[in-house]
>>> print(open('final35.csv').read())   # CSV, C-alpha atoms
chain,number,residue,atom,x,y,z
A,1,MET,CA,-40.5,38.0,-42.7
A,2,LEU,CA,-44.1,37.5,-41.6
A,3,SER,CA,-44.8,36.8,-38.0
A,4,ASN,CA,-46.6,33.6,-36.9
A,5,GLU,CA,-49.6,35.7,-35.9
A,6,THR,CA,-49.8,37.4,-39.3
A,7,ILE,CA,-49.5,34.1,-41.1
A,8,SER,CA,-52.3,32.7,-38.8
A,9,LEU,CA,-54.6,35.7,-39.7
A,10,ILE,CA,-53.9,35.2,-43.4
A,11,HIS,CA,-54.8,31.5,-42.9
A,12,LEU,CA,-58.1,32.5,-41.2
A,13,ASN,CA,-58.8,35.0,-44.0
A,14,LEU,CA,-58.5,32.1,-46.5
A,15,ILE,CA,-61.1,30.0,-44.8
A,16,GLN,CA,-64.4,30.4,-46.7
A,17,GLY,CA,-67.1,31.7,-44.5
A,18,VAL,CA,-65.0,33.0,-41.7
A,19,GLY,CA,-65.4,36.8,-41.2
A,20,LEU,CA,-64.0,39.5,-39.0
A,21,LYS,CA,-66.5,39.0,-36.2
A,22,THR,CA,-65.6,35.3,-35.9
A,23,VAL,CA,-61.9,36.2,-35.8
A,24,GLN,CA,-62.5,38.8,-33.1
A,25,VAL,CA,-64.4,36.2,-31.0
A,26,LEU,CA,-61.5,33.7,-31.4
A,27,ARG,CA,-58.9,36.2,-30.4
A,28,ASP,CA,-60.9,37.2,-27.4
A,29,VAL,CA,-61.1,33.6,-26.3
A,30,PHE,CA,-57.7,32.3,-27.2
A,31,GLY,CA,-55.6,35.5,-27.2
A,32,THR,CA,-54.1,35.0,-30.6
A,33,ALA,CA,-55.1,33.7,-34.1
A,34,GLU,CA,-52.2,31.3,-33.9
A,35,ARG,CA,-53.6,29.7,-30.8
A,36,ALA,CA,-57.2,29.7,-32.2
A,37,LEU,CA,-56.1,27.7,-35.3
A,38,ARG,CA,-54.7,25.0,-33.0
A,39,ALA,CA,-58.0,24.8,-31.0
A,40,THR,CA,-59.6,21.4,-30.6
A,41,ALA,CA,-63.2,20.7,-31.6
A,42,ASP,CA,-64.2,20.5,-28.0
A,43,GLU,CA,-62.7,23.9,-27.3
A,44,LEU,CA,-64.4,25.5,-30.2
A,45,ARG,CA,-67.8,24.0,-29.4
A,46,LYS,CA,-67.7,25.5,-25.9
A,47,ILE,CA,-67.5,29.1,-27.3
A,48,ASP,CA,-70.9,30.8,-26.9
A,49,GLY,CA,-70.4,33.1,-29.9
A,50,LEU,CA,-69.8,30.4,-32.4
A,51,SER,CA,-72.6,28.5,-34.2
A,52,PRO,CA,-72.3,24.7,-34.9
A,53,ALA,CA,-71.8,25.5,-38.6
A,54,MET,CA,-69.0,27.9,-37.8
A,55,CYS,CA,-67.3,25.4,-35.5
A,56,ASP,CA,-67.4,22.8,-38.3
A,57,LEU,CA,-65.8,25.4,-40.6
A,58,LEU,CA,-63.0,26.1,-38.2
A,59,ILE,CA,-62.4,22.3,-37.6
A,60,GLN,CA,-62.4,21.4,-41.3
A,61,LYS,CA,-60.7,24.7,-42.5
A,62,PRO,CA,-61.9,24.7,-46.2
A,63,VAL,CA,-59.5,27.3,-47.7
A,64,LEU,CA,-59.7,29.1,-51.0
A,65,TYR,CA,-56.0,28.3,-51.4
A,66,PRO,CA,-53.5,26.4,-49.3
A,67,ILE,CA,-51.7,28.7,-46.8
A,68,GLU,CA,-48.4,27.4,-48.1
A,69,ARG,CA,-49.2,28.4,-51.6
A,70,GLU,CA,-50.4,31.8,-50.5
A,71,LEU,CA,-47.2,32.5,-48.6
A,72,GLU,CA,-45.3,31.5,-51.8
A,73,LEU,CA,-47.3,34.0,-53.8
A,74,ILE,CA,-46.8,36.7,-51.2
A,75,ASN,CA,-43.1,36.2,-51.6
A,76,LYS,CA,-43.2,35.9,-55.4
A,77,TYR,CA,-45.0,39.2,-55.9
A,78,GLY,CA,-43.1,41.0,-53.2
A,79,CYS,CA,-46.2,41.9,-51.2
A,80,GLN,CA,-46.4,43.5,-47.7
A,81,VAL,CA,-49.2,42.2,-45.5
A,82,LEU,CA,-50.8,44.3,-42.8
A,83,THR,CA,-53.4,43.0,-40.4
A,84,LEU,CA,-56.1,44.9,-38.6
A,85,TYR,CA,-54.1,44.5,-35.4
A,86,ASP,CA,-50.8,46.1,-36.8
A,87,ASP,CA,-49.9,49.6,-35.8
A,88,ALA,CA,-49.1,50.5,-39.4
A,89,TYR,CA,-52.7,49.6,-40.5
A,90,PRO,CA,-54.4,52.8,-41.9
A,91,GLN,CA,-56.2,54.5,-39.0
A,92,HIS,CA,-59.0,55.9,-41.2
A,93,LEU,CA,-59.8,52.4,-42.4
A,94,LYS,CA,-59.5,50.8,-39.0
A,95,VAL,CA,-62.6,52.7,-37.7
A,96,ILE,CA,-65.1,51.7,-40.4
A,97,ASP,CA,-67.8,49.2,-39.5
A,98,VAL,CA,-66.2,46.2,-41.2
A,99,PRO,CA,-62.5,46.9,-41.9
A,100,PRO,CA,-60.6,44.3,-43.8
A,101,LEU,CA,-58.9,41.7,-41.6
A,102,VAL,CA,-55.9,41.6,-44.0
A,103,LEU,CA,-54.4,44.1,-46.5
A,104,TYR,CA,-52.1,43.0,-49.2
A,105,ILE,CA,-49.9,45.9,-50.4
A,106,LYS,CA,-47.4,46.4,-53.3
A,107,GLY,CA,-45.6,49.6,-52.9
A,108,GLU,CA,-45.7,51.6,-49.7
A,109,LEU,CA,-48.2,53.2,-47.4
A,110,THR,CA,-47.0,56.3,-45.5
A,111,PRO,CA,-48.5,58.3,-42.6
A,112,GLU,CA,-49.0,61.2,-45.1
A,113,ASP,CA,-51.6,59.0,-46.9
A,114,SER,CA,-54.0,59.8,-44.1
A,115,LEU,CA,-54.4,63.2,-45.9
A,116,SER,CA,-56.2,61.7,-48.9
A,117,ILE,CA,-59.3,62.0,-51.2
A,118,SER,CA,-60.8,59.4,-53.4
A,119,LEU,CA,-62.1,60.1,-56.9
A,120,VAL,CA,-64.4,57.6,-58.5
A,121,GLY,CA,-66.8,57.5,-61.5
A,122,SER,CA,-67.7,55.7,-64.7
A,123,ARG,CA,-65.5,53.3,-66.6
A,124,ASN,CA,-67.1,54.7,-69.8
A,125,ALA,CA,-66.3,58.3,-68.9
A,126,LYS,CA,-66.5,61.0,-71.5
A,127,ASP,CA,-63.6,63.3,-72.3
A,128,TYR,CA,-65.2,65.9,-69.9
A,129,GLY,CA,-65.1,63.5,-67.0
A,130,ARG,CA,-61.6,62.3,-67.6
A,131,LYS,CA,-60.3,65.8,-67.9
A,132,VAL,CA,-62.0,66.8,-64.7
A,133,SER,CA,-60.7,63.8,-62.9
A,134,TYR,CA,-57.2,64.4,-64.1
A,135,GLN,CA,-57.2,68.1,-63.2
A,136,LEU,CA,-58.7,67.7,-59.8
A,137,SER,CA,-56.2,64.9,-59.0
A,138,TYR,CA,-53.3,66.9,-60.3
A,139,GLN,CA,-54.2,69.9,-58.2
A,140,LEU,CA,-54.9,67.7,-55.1
A,141,ALA,CA,-51.5,66.1,-55.4
A,142,GLN,CA,-49.9,69.6,-55.8
A,143,ARG,CA,-51.4,70.5,-52.4
A,144,GLY,CA,-49.9,67.4,-50.8
A,145,LEU,CA,-53.0,65.1,-50.7
A,146,THR,CA,-52.9,61.4,-51.7
A,147,VAL,CA,-55.4,60.4,-54.4
A,148,VAL,CA,-57.2,57.1,-54.0
A,149,SER,CA,-59.1,55.3,-56.7
A,150,GLY,CA,-59.9,51.8,-58.0
A,151,LEU,CA,-57.6,51.4,-61.1
A,152,ALA,CA,-60.6,50.9,-63.4
A,153,ARG,CA,-60.8,52.5,-66.9
A,154,GLY,CA,-62.2,56.0,-67.3
A,155,ILE,CA,-62.4,58.2,-64.2
A,156,ASP,CA,-60.2,56.0,-62.0
A,157,THR,CA,-57.3,55.8,-64.4
A,158,SER,CA,-57.4,59.5,-65.0
A,159,ALA,CA,-57.3,60.2,-61.3
A,160,HIS,CA,-54.3,58.0,-60.8
A,161,ARG,CA,-52.5,59.6,-63.8
A,162,GLY,CA,-53.2,63.1,-62.6
A,163,ALA,CA,-51.7,62.5,-59.2
A,164,LEU,CA,-48.6,60.8,-60.7
A,165,GLU,CA,-47.9,63.5,-63.3
A,166,ALA,CA,-48.1,66.1,-60.5
A,167,GLY,CA,-45.4,64.3,-58.7
A,168,GLY,CA,-47.8,63.1,-56.0
A,169,ARG,CA,-48.9,59.9,-54.4
A,170,THR,CA,-51.8,57.7,-55.4
A,171,LEU,CA,-53.3,54.4,-54.0
A,172,ALA,CA,-55.1,51.9,-56.2
A,173,VAL,CA,-57.6,49.7,-54.4
A,174,MET,CA,-58.3,46.5,-56.4
A,175,GLY,CA,-61.2,44.2,-56.6
A,176,ASN,CA,-59.0,41.2,-57.1
A,177,GLY,CA,-55.7,39.7,-55.8
A,178,LEU,CA,-52.5,41.6,-56.4
A,179,GLY,CA,-51.3,38.7,-58.6
A,180,VAL,CA,-53.9,39.8,-61.2
A,181,ILE,CA,-53.8,43.1,-63.0
A,182,TYR,CA,-57.3,44.3,-64.0
A,183,PRO,CA,-57.8,45.9,-66.4
A,184,ALA,CA,-54.9,44.3,-68.2
A,185,SER,CA,-54.4,47.6,-70.2
A,186,ASN,CA,-53.0,49.1,-67.0
A,187,ARG,CA,-50.3,46.6,-66.6
A,188,ASP,CA,-47.4,49.0,-67.2
A,189,PHE,CA,-49.2,51.8,-65.4
A,190,VAL,CA,-49.3,49.9,-62.1
A,191,LYS,CA,-45.5,50.0,-61.9
A,192,LYS,CA,-45.7,53.8,-61.6
A,193,ILE,CA,-48.3,53.5,-58.9
A,194,GLU,CA,-46.1,51.1,-56.9
A,195,ALA,CA,-43.2,53.5,-57.2
A,196,SER,CA,-45.3,56.5,-56.0
A,197,GLY,CA,-47.9,54.9,-53.8
A,198,ALA,CA,-49.3,51.5,-53.5
A,199,LEU,CA,-51.6,48.8,-54.9
A,200,ILE,CA,-54.0,47.5,-52.1
A,201,SER,CA,-56.3,44.5,-51.9
A,202,GLU,CA,-58.0,42.5,-49.2
A,203,PHE,CA,-58.3,39.5,-51.5
A,204,PRO,CA,-55.8,36.6,-51.6
A,205,ILE,CA,-53.1,37.0,-54.2
A,206,GLY,CA,-54.6,34.8,-56.9
A,207,VAL,CA,-58.3,35.9,-56.7
A,208,LYS,CA,-59.7,37.0,-60.0
A,209,PRO,CA,-62.0,40.0,-60.5
A,210,LYS,CA,-65.7,39.1,-59.9
A,211,PRO,CA,-68.7,41.5,-59.8
A,212,GLY,CA,-69.2,40.8,-56.1
A,213,ASN,CA,-65.7,41.9,-55.2
A,214,PHE,CA,-66.1,45.5,-56.2
A,215,PRO,CA,-68.7,46.7,-53.6
A,216,ARG,CA,-66.3,45.2,-51.0
A,217,ARG,CA,-63.4,47.1,-52.7
A,218,ASN,CA,-65.4,50.3,-52.7
A,219,ARG,CA,-65.7,50.4,-48.9
A,220,ILE,CA,-61.9,50.4,-48.7
A,221,ILE,CA,-61.6,53.3,-51.2
A,222,SER,CA,-63.9,55.5,-49.2
A,223,GLY,CA,-62.7,54.2,-45.8
A,224,LEU,CA,-59.0,55.2,-46.5
A,225,THR,CA,-59.9,58.8,-47.2
A,226,LEU,CA,-61.3,62.0,-45.8
A,227,GLY,CA,-63.9,62.3,-48.6
A,228,THR,CA,-65.0,60.9,-51.9
A,229,VAL,CA,-65.5,62.8,-55.1
A,230,VAL,CA,-67.9,61.3,-57.8
A,231,VAL,CA,-67.0,62.8,-61.2
A,232,GLU,CA,-69.3,61.1,-63.7
A,233,ALA,CA,-71.8,58.4,-62.8
A,234,SER,CA,-75.1,57.0,-64.1
A,235,ASN,CA,-77.9,56.1,-61.8
A,236,ARG,CA,-76.6,52.5,-61.8
A,237,SER,CA,-72.9,53.3,-61.3
A,238,GLY,CA,-70.8,51.5,-58.7
A,239,ALA,CA,-69.4,54.9,-57.8
A,240,LEU,CA,-72.7,55.7,-56.1
A,241,ILE,CA,-72.1,52.7,-53.8
A,242,THR,CA,-68.8,54.3,-52.9
A,243,ALA,CA,-70.5,57.6,-52.2
A,244,ARG,CA,-73.1,55.9,-50.0
A,245,LEU,CA,-70.4,54.0,-48.1
A,246,ALA,CA,-68.5,57.2,-47.6
A,247,ALA,CA,-71.5,58.9,-46.1
A,248,GLU,CA,-72.1,55.9,-43.8
A,249,GLN,CA,-68.5,56.1,-42.7
A,250,GLY,CA,-68.9,59.7,-41.7
A,251,ARG,CA,-66.8,61.0,-44.6
A,252,GLU,CA,-67.4,63.9,-46.9
A,253,VAL,CA,-69.2,63.2,-50.2
A,254,PHE,CA,-68.6,65.5,-53.2
A,255,ALA,CA,-70.0,65.5,-56.7
A,256,VAL,CA,-69.0,67.2,-59.9
A,257,PRO,CA,-71.9,68.6,-62.0
A,258,GLY,CA,-72.1,67.5,-65.6
A,259,GLU,CA,-74.1,68.0,-68.8
A,260,ILE,CA,-77.8,67.9,-68.0
A,261,PHE,CA,-78.6,65.6,-71.0
A,262,SER,CA,-75.9,63.1,-70.3
A,263,GLU,CA,-76.8,59.8,-68.6
A,264,LEU,CA,-73.4,60.0,-66.9
A,265,SER,CA,-74.6,63.1,-65.1
A,266,ALA,CA,-77.7,61.5,-63.6
A,267,GLY,CA,-76.0,59.9,-60.7
A,268,THR,CA,-73.8,62.9,-59.8
A,269,HIS,CA,-76.8,65.3,-60.0
A,270,ARG,CA,-78.8,62.9,-57.8
A,271,LEU,CA,-76.0,63.0,-55.2
A,272,ILE,CA,-76.1,66.8,-55.3
A,273,ASN,CA,-79.8,66.8,-54.8
A,274,ASP,CA,-79.4,64.5,-51.9
A,275,GLY,CA,-76.9,66.8,-50.2
A,276,ALA,CA,-73.5,66.0,-51.7
A,277,LYS,CA,-71.2,69.0,-51.9
A,278,LEU,CA,-71.0,70.4,-55.4
A,279,VAL,CA,-67.5,70.8,-56.7
A,280,ASN,CA,-66.6,73.6,-59.1
A,281,ASN,CA,-62.9,73.7,-58.4
A,282,VAL,CA,-60.4,72.1,-56.0
A,283,ASP,CA,-60.9,74.8,-53.4
A,284,ASP,CA,-64.6,73.8,-53.1
A,285,LEU,CA,-63.3,70.4,-52.0
A,286,LEU,CA,-60.5,71.5,-49.7
A,287,ASN,CA,-62.6,74.0,-47.8
A,288,GLU,CA,-65.0,71.3,-46.7
A,289,LEU,CA,-62.3,69.1,-45.1
A,290,PRO,CA,-61.8,68.9,-41.3
A,291,GLN,CA,-59.7,71.7,-39.8
A,292,HIS,CA,-56.9,69.4,-38.8
A,293,ALA,CA,-56.6,68.3,-42.4
A,294,VAL,CA,-56.8,71.8,-43.8
A,295,ASN,CA,-53.9,72.8,-41.5
A,296,GLN,CA,-51.7,70.1,-43.3
A,297,ILE,CA,-52.6,71.2,-46.9
A,298,GLN,CA,-49.7,72.8,-48.8
A,299,PRO,CA,-50.2,76.3,-50.3
A,300,ALA,CA,-51.6,76.5,-53.8
A,301,ALA,CA,-49.1,76.5,-56.7
A,302,SER,CA,-48.5,79.8,-58.4
A,303,THR,CA,-50.8,78.9,-61.2
A,304,SER,CA,-54.5,79.4,-60.5
A,305,SER,CA,-56.9,76.5,-60.1
A,306,VAL,CA,-59.0,75.6,-63.1
A,307,ASP,CA,-62.8,75.8,-62.5
A,308,ILE,CA,-64.7,72.7,-63.5
A,309,GLU,CA,-67.2,74.7,-65.5
A,310,THR,CA,-64.4,75.9,-67.8
A,311,VAL,CA,-63.0,72.5,-68.6
A,312,SER,CA,-65.1,71.9,-71.7
A,313,SER,CA,-65.7,75.6,-72.6
A,314,GLN,CA,-62.2,77.1,-72.8
A,315,LYS,CA,-61.6,79.3,-75.8
A,316,SER,CA,-59.2,78.1,-78.3
A,317,PRO,CA,-55.9,79.9,-79.0
A,318,LEU,CA,-57.5,81.0,-82.3
A,319,GLU,CA,-60.4,82.7,-80.5
A,320,LYS,CA,-57.9,84.4,-78.1
A,321,ASP,CA,-56.0,85.9,-81.0
A,322,ASN,CA,-58.6,87.3,-83.4
A,323,SER,CA,-56.6,90.5,-83.8
A,324,LYS,CA,-54.0,88.7,-86.0
A,325,PRO,CA,-55.0,89.1,-89.7
A,326,ALA,CA,-55.6,85.9,-91.5
A,327,ALA,CA,-53.2,87.0,-94.3
A,328,THR,CA,-50.2,86.7,-92.0
A,329,GLN,CA,-50.3,83.0,-92.4
A,330,HIS,CA,-49.4,81.6,-95.8
A,331,PRO,CA,-52.3,79.3,-97.1
A,332,SER,CA,-49.9,76.7,-98.3
A,333,LYS,CA,-48.4,76.3,-94.9
A,334,ALA,CA,-51.7,76.2,-93.0
A,335,GLN,CA,-51.8,72.5,-92.5
A,336,GLN,CA,-48.1,71.7,-92.4
A,337,PRO,CA,-46.9,69.9,-89.3
A,338,VAL,CA,-45.2,72.3,-86.8
A,339,GLN,CA,-41.5,71.5,-86.4
A,340,SER,CA,-41.0,73.1,-83.0
A,341,ALA,CA,-39.7,70.9,-80.3
A,342,PRO,CA,-42.5,69.1,-78.3
A,343,PRO,CA,-42.7,69.5,-74.5
A,344,PRO,CA,-40.5,67.2,-72.5
A,345,ASP,CA,-41.6,64.0,-70.9
A,346,LEU,CA,-43.8,62.8,-73.7
A,347,THR,CA,-43.9,59.1,-74.8
A,348,PRO,CA,-42.7,58.3,-78.4
A,349,ASP,CA,-46.4,58.0,-79.5
A,350,GLU,CA,-47.2,61.3,-77.9
A,351,ARG,CA,-44.3,63.1,-79.6
A,352,THR,CA,-45.4,61.6,-83.0
A,353,VAL,CA,-49.0,62.8,-82.6
A,354,PHE,CA,-47.9,66.2,-81.3
A,355,ASP,CA,-45.6,66.8,-84.2
A,356,ALA,CA,-48.4,65.8,-86.7
A,357,ILE,CA,-50.7,68.7,-85.5
A,358,GLY,CA,-50.4,71.5,-87.9
A,359,VAL,CA,-51.1,75.3,-87.7
A,360,PRO,CA,-53.7,76.5,-86.9
A,361,SER,CA,-55.2,73.0,-86.4
A,362,SER,CA,-55.4,69.5,-87.8
A,363,HIS,CA,-58.4,67.2,-88.2
A,364,ILE,CA,-58.0,63.8,-86.6
A,365,ASP,CA,-58.1,62.1,-90.0
A,366,THR,CA,-55.1,64.2,-91.1
A,367,ILE,CA,-53.3,63.2,-87.9
A,368,VAL,CA,-54.0,59.5,-88.6
A,369,ARG,CA,-52.7,59.8,-92.1
A,370,THR,CA,-49.6,61.6,-91.1
A,371,THR,CA,-48.7,59.3,-88.2
A,372,GLN,CA,-49.8,56.1,-89.9
A,373,LEU,CA,-51.1,55.0,-86.4
A,374,PRO,CA,-54.5,53.3,-85.9
A,375,ILE,CA,-57.3,55.8,-85.2
A,376,SER,CA,-58.1,54.2,-81.8
A,377,GLN,CA,-54.4,54.8,-80.8
A,378,VAL,CA,-54.4,58.3,-82.1
A,379,SER,CA,-57.6,59.1,-80.2
A,380,SER,CA,-56.1,57.8,-77.0
A,381,VAL,CA,-52.9,59.8,-77.4
A,382,LEU,CA,-54.8,62.9,-78.3
A,383,LEU,CA,-56.8,62.6,-75.1
A,384,MET,CA,-53.6,62.2,-73.0
A,385,LEU,CA,-52.1,65.3,-74.7
A,386,GLU,CA,-55.3,67.2,-73.8
A,387,LEU,CA,-55.1,66.0,-70.2
A,388,LYS,CA,-51.5,67.3,-70.1
A,389,GLY,CA,-52.8,70.7,-71.3
A,390,ILE,CA,-50.6,71.0,-74.4
A,391,ILE,CA,-53.2,70.6,-77.1
A,392,GLN,CA,-56.9,71.4,-77.3
A,393,GLN,CA,-59.8,69.9,-79.2
A,394,LEU,CA,-61.8,72.3,-81.3
A,395,PRO,CA,-65.3,71.7,-82.9
A,396,GLY,CA,-65.3,69.2,-85.7
A,397,LYS,CA,-62.6,67.0,-84.3
A,398,GLN,CA,-59.9,69.5,-85.0
A,399,PHE,CA,-56.9,69.7,-82.7
A,400,THR,CA,-54.6,72.7,-82.0
A,401,LYS,CA,-51.5,73.2,-80.0
A,402,VAL,CA,-51.8,75.3,-76.9
A,403,ASN,CA,-49.6,78.4,-76.5
A,404,GLU,CA,-48.0,78.2,-79.9
>>> encode(input="final35.csv", output="structure tokens")
Amino acid sequence: MLSNETISLIHLNLIQGVGLKTVQVLRDVFGTAERALRATADELRKIDGLSPAMCDLLIQKPVLYPIERELELINKYGCQVLTLYDDAYPQHLKVIDVPPLVLYIKGELTPEDSLSISLVGSRNAKDYGRKVSYQLSYQLAQRGLTVVSGLARGIDTSAHRGALEAGGRTLAVMGNGLGVIYPASNRDFVKKIEASGALISEFPIGVKPKPGNFPRRNRIISGLTLGTVVVEASNRSGALITARLAAEQGREVFAVPGEIFSELSAGTHRLINDGAKLVNNVDDLLNELPQHAVNQIQPAASTSSVDIETVSSQKSPLEKDNSKPAATQHPSKAQQPVQSAPPPDLTPDERTVFDAIGVPSSHIDTIVRTTQLPISQVSSVLLMLELKGIIQQLPGKQFTKVNE
């Protein structure tokens, strides 16, 4: 049940043109937002901090959506609402220059989420960037950190997925209302985020994604966290806005180096040149966090961290086992699908594609013919199997199973 004060703050947040500074002035004068909404025109015009135009707005109250409808949608979508004045409002976010007045939340925020890192980057990320994002997020989650990102395609989605598949927590900050899933391709994925973290937005429930929303969204991504990692970004990437905001908020800024001829490395390399901390592995990142945060980090898992520089240059199992004579494998069986049981926790499509990969390797066209799945779907599934570390891509679009 929302309090009358929370409902009043939601109402003020719906009035077009009313911002945080105005709300703070109103609360200073009237004590509560509830009382401010009942203020008469004469009372409002006597306030020194309000312009005549702002007084007219507060008198006419032109809202994006009627408050009654907004409350219905909050109930329909099962959202929690936190205001800037609530004790449960995230402390890291509360101290930025212009914190959101209202946060809509699906899922749950916990005190442990204060130990968090954001990962951002290109929507059109290459395999390299998606692998790095996944592995860094996986390792951060293993160490007890919450991973924050923006639910976009590419780097963001890989970051959320890495944290979830490590059994950790992740927060997705959206540039639209929580009644809209964007991109739509992540519709099923958001349910997992809700179960192991939260979806967060400052926008009213029904607001659709618009270009102007995303810079506002980005200040929340950086503001929730101790630092921001940019994985792949061109010189025009919105991820650079997030990095700039993080620096302005006094948070750490990290960047992952990439291929020198790739446009998606231009932005990250520029950040490094400007003083962002270069990330080769997860320890490079963790060692730069404040000491109070370092003291809360869980010990590393028994498996060693994977260096970023090895992500796209790992030797294939074939190269590791050159001592085995080629004659030990019967030529007629070279491209037959392996019948060994696939790893657990694979989706049906992942199992189908995994089983279609022969020994020592299979070309993507062979996998498509064997599975009878569209090539776009096979490509997507192969990437996920790579991210899970159970297959590896070889030159010439050949794929092999790891640790056969």
>>> residues_around(input="final35.csv", residues="Cys79 of chain A", least_positions_apart="3", cutoff="10 Å", atoms="all atoms listed in the file", output="PyMOL selection string")
chain A and resi 71+73-76+82+103-108+178-179+199-200+205
>>> atom_distance(input="final35.csv", atom1="atom CA of Leu278 of chain A", atom2="atom CA of Val147 of chain A")
18.6 Å
>>> closest_residue(input="final35.csv", among="A:Phe254, A:Phe203, A:Phe354, A:Tyr134", to="Leu101 of chain A", atoms="all atoms listed in the file")
A:Phe203
>>> atom_distance(input="final35.csv", atom1="atom CA of Thr371 of chain A", atom2="atom CA of Gly129 of chain A")
27.1 Å
>>> residues_around(input="final35.csv", residues="Leu136 of chain A", least_positions_apart="5", cutoff="8 Å", atoms="all atoms listed in the file", output="list in words")
Ala159, Gly162, Asn281 and Val282 of chain A
>>> atom_distance(input="final35.csv", atom1="atom CA of Pro209 of chain A", atom2="atom CA of Val132 of chain A")
27.1 Å
>>> residues_around(input="final35.csv", residues="Val98 of chain A", least_positions_apart="5", cutoff="10 Å", atoms="all atoms listed in the file", output="ChimeraX atom specification")
/A:19-21,93,216,219-220,223
>>> residues_around(input="final35.csv", residues="Lys131 of chain A", least_positions_apart="2", cutoff="9 Å", atoms="all atoms listed in the file", output="PyMOL selection string")
chain A and resi 126-129+133-136+155+158+311-312+383+386-387
>>> closest_residue(input="final35.csv", among="A:Cys55, A:Ala125, A:Val23, A:Val29", to="Tyr85 of chain A", atoms="all atoms listed in the file")
A:Val23
>>> residues_near_point(input="final35.csv", point="(-69.2, 65.8, -58.7)", cutoff="6 Å", atoms="all atoms listed in the file", output="list in words")
Val229, Val230, Val231, Phe254, Ala255, Val256, Pro257, Thr268, Leu278 and Val279 of chain A
>>> closest_atom_pairs(input="final35.csv", of="segment 127-226 of chain A", to="segment 288-295 of chain A", cutoff="12 Å", atoms="all atoms listed in the file", output="tab-separated table")
residue	atom	partner	partner_atom	distance
A:Arg143	CA	A:Val294	CA	10.2
A:Gly144	CA	A:Val294	CA	10.8
A:Leu145	CA	A:Ala293	CA	9.6
A:Thr225	CA	A:Leu289	CA	10.8
A:Leu226	CA	A:Leu289	CA	7.2
>>> closest_residue(input="final35.csv", among="A:Ala239, A:Ala141, A:Val25, A:Met384", to="Arg351 of chain A", atoms="only C-alpha atoms")
A:Met384
>>> closest_residue(input="final35.csv", among="A:Leu140, A:Leu2, A:Val402, A:Val120", to="Ser237 of chain A", atoms="all atoms listed in the file")
A:Val120
>>> closest_residue(input="final35.csv", among="A:Ser361, A:Gln60, A:Thr110, A:Ser3", to="Lys401 of chain A", atoms="all atoms listed in the file")
A:Ser361
>>> closest_residue(input="final35.csv", among="A:Glu202, A:Asp274, A:Glu72, A:Glu350", to="Pro99 of chain A", atoms="only C-alpha atoms")
A:Glu202
>>> residues_around(input="final35.csv", residues="Gln398 of chain A", least_positions_apart="6", cutoff="12 Å", atoms="all atoms listed in the file", output="JSON, numbers by chain")
{"A": [316, 335, 357, 358, 359, 360, 361, 362, 363, 364, 365, 366, 367, 379, 382, 391, 392]}
